[in-house]
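Chemist: Quick one: this structure, given as C-alpha cells, is what I'll be asking you about.
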Amino acid sequence: MKFDELIKQIKKCRHCESSFGFIPNPIIWGHANSKIVQISQAPSKSVHESGKPFTDASGKTLRNDWYQITEEDFYNNDNFYISALAHCYPGKQSDGKSDKQPPKCCYKMWIQKELELINNEIYIIIGSASAKIFFPDEKFEDLIFKDNILNGKKAIVLPHPSPLNRRWIKSHPEFLNKRIKEVRKTIYNLIYK
C-alpha cells in the first residue's frame with residue numbers, strides 16, 4: 001500500500017463510532033519523508049475539534065517550553081509526522097474529568113503500517129502508554145533519560161506534557177534541567193541543519 005492511500009484510509013476510519021457515541025475525527029499530520037515521527041496516546045477534545053494535533057495546553061508546553069520551536073516549524077510536514085496510538089479522541093470517562101483509554105484496535109489497524117511507510121530519521125514517543133507499546137520490557141523512567149532504538153533508529157521517550165503530569169515533572173527535576181536540553185539539541189540538529 002502507498003503512503004497517501006494509507007492516510008486516506010485512516011482519515012475515513014469510523015471503526016469506533018458506535019463505542020464513542022459520536023463521529024470520530026482521525027487526526028494525523030505529516031508526510032512520508034518527515035524527519036521526526038512523533039507518537040503520543042490519543043488526541044484531546046480540543047484537538048478533535050480543531051482537526052490539528054497538539055492545539056491544546058499539552059501542545060503549548062511541548063512546542064514552546066520543551067522543544068522551543070515555532071508553530072510553523074512544529075507543523076512543517078518536512079519536520080514532524082504526528083500520530084498517536086489512537087488517531088481519534090476517545091471521549092470522557094464517566095466521571096467527566098479524564099479521557100477514556102484509547103481503543104487498542106487503532107494501534108493494531110494503523111500504526112505499524114504507518115511506520116513501515118515513513119522514511120524518518122528519529123522517533124519521539126510521548127507518554128507512558130505509548131512507551132509501553134514500543135518498549136514493553138523497559139521502565140518508563142529509564143527510557144526517558146537515555147536514547148533508545150526503534151526500528152534501527154534513535155528513539156526519544158518523553159513524559160506527557162499534559163498539565164495533569166506536573167507532579168511527575170516536579171519530582172524529576174533532571175528532566176527539565178538536563179534531558180530536555182539534550183532532546184532540544186537533537187531536534188534543532190534535524191530541523192535547522
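Note on naming: chains are A, B, ... as they come in the C-alpha cells, residues start from 1 per chain, ligands start from 1 in the order shown.
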Find the residues around Gln41 in chain A up to 7 Å (only C-alpha atoms counted), leave out those fewer than 4 positions away in its own chain, and share them as a PDB file with N, CA and C atoms, in the first residue's frame.
Modeler:
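The new file selection_23.pdb reads:
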ATOM      1  N   ALA A  84      -0.633   9.036  16.719  1.00  0.00           N
ATOM      2  CA  ALA A  84      -0.917   8.587  18.080  1.00  0.00           C
ATOM      3  C   ALA A  84      -1.331   7.123  18.049  1.00  0.00           C
ATOM      4  N   LEU A  85      -1.261   6.482  19.214  1.00  0.00           N
ATOM      5  CA  LEU A  85      -1.709   5.085  19.308  1.00  0.00           C
ATOM      6  C   LEU A  85      -3.141   4.976  18.824  1.00  0.00           C
ATOM      7  N   ALA A  86      -3.941   5.974  19.151  1.00  0.00           N
ATOM      8  CA  ALA A  86      -5.306   6.075  18.646  1.00  0.00           C
ATOM      9  C   ALA A  86      -5.428   7.432  17.954  1.00  0.00           C
ATOM     10  N   GLY A 127       4.623   9.859  26.390  1.00  0.00           N
ATOM     11  CA  GLY A 127       3.745   9.290  27.407  1.00  0.00           C
ATOM     12  C   GLY A 127       4.011   7.827  27.702  1.00  0.00           C
ATOM     13  N   ALA A 129       1.903   5.319  28.165  1.00  0.00           N
ATOM     14  CA  ALA A 129       1.113   4.345  27.398  1.00  0.00           C
ATOM     15  C   ALA A 129       1.774   4.046  26.053  1.00  0.00           C
ATOM     16  N   SER A 130       2.283   5.085  25.403  1.00  0.00           N
ATOM     17  CA  SER A 130       2.964   4.892  24.123  1.00  0.00           C
ATOM     18  C   SER A 130       4.282   4.148  24.313  1.00  0.00           C
TER      19      SER A 130
END
Chemist: Would you mind listing what lies within 12 Å of Cys106 in chain A as a list in words, with only C-alpha atoms counted and same-chain residues fewer than 6 positions away left out?
Modeler: Ile10, Lys11, Cys13, Arg14, His15, Cys16, Pro24, Pro26, Ile27, Gln41, Ala42, Ser83, Ala84, Leu85, Ala86, His87, Cys88, Tyr89, Pro90, Gln112, Lys113 and Glu114 of chain A
Chemist: Could you check which of A:Trp29, A:Ile169, A:Arg63, A:Tyr192 is closest to Lys8 in chain A, using only C-alpha atoms?
Modeler: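 The shortest atom-to-atom distance to Lys8 in chain A comes from A:Trp29.
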Chemist: When distances are computed from only C-alpha atoms, which of A:Ile36, A:Phe140, A:Ile156, A:Asn76 shows the smallest separation from Asn119 in chain A?
Modeler: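 Among the listed residues, the smallest separation from Asn119 in chain A belongs to A:Ile36.
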Chemist: Need to verify the contact set: range 170-187 of chain A, 12 Å, only C-alpha atoms, exclusion of same-chain residues closer than 5 positions in sequence. Can you return it as a PyMOL selection string?
Modeler: chain A and resi 35-38+61-69+73-74+79-80+121-125+141-147+154-159+161+163-165+192-193
Chemist: Choose the residue, out of A:Leu6, A:Ser46, A:Lys52, A:Pro136, that has the smallest atom-to-atom separation from Ile28 in chain A; count only C-alpha atoms.
Modeler: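 The answer is A:Lys52, which sits nearest to Ile28 in chain A.
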Chemist: Could you give me, as a list in words, each residue of range 43-192 of chain A that DSSP assigns to strand (DSSP E or B) when run on this structure's backbone?
Modeler: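 Everything in range 43-192 of chain A that counts as strand (DSSP E or B) is Phe80, Tyr81, Ile82, Ser83, Ala84, Lys92, Asp99, Ile122, Tyr123, Ile124, Ile125, Ile126, Asn148, Ile149, Leu150, Lys153, Lys154, Ala155, Ile156, Val157 and Leu158 of chain A.
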Chemist: To one decimal place, how far is CA of Ile82 in chain A from CA of Gly30 in chain A in Å?
Modeler: 6.3 Å
Chemist: To one decimal place in Å, what is the distance between CA of Met1 in chain A and CA of Asn25 in chain A?
Modeler: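 Straight-line distance from CA of Met1 in chain A to CA of Asn25 in chain A works out to 22.2 Å.
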Chemist: CA of Arg166 in chain A and CA of Glu71 in chain A, how far apart in Å?
Modeler: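 These two atoms are separated by 22.8 Å.
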Chemist: Using only C-alpha atoms, pick whichever of A:Ile111, A:Ile7, A:Ile133, A:Ile23 has the shortest atom-to-atom distance to Gly91 in chain A.
Modeler: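 Once distances to Gly91 in chain A are computed over only C-alpha atoms, the minimum belongs to A:Ile23.
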Chemist: Of the candidates A:Gln9, A:His31, A:Phe3, A:Phe134, which shows the shortest atom-to-atom distance to Asn77 in chain A, using only C-alpha atoms?
Modeler: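 For Asn77 in chain A, the nearest of the given residues is A:His31.
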Chemist: Counting only C-alpha atoms, which residue out of A:Lys45, A:Ile39, A:Gly21, A:Asn151 sits closest to Lys97 in chain A?
Modeler: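 Closest residue, counting only C-alpha atoms: A:Lys45.
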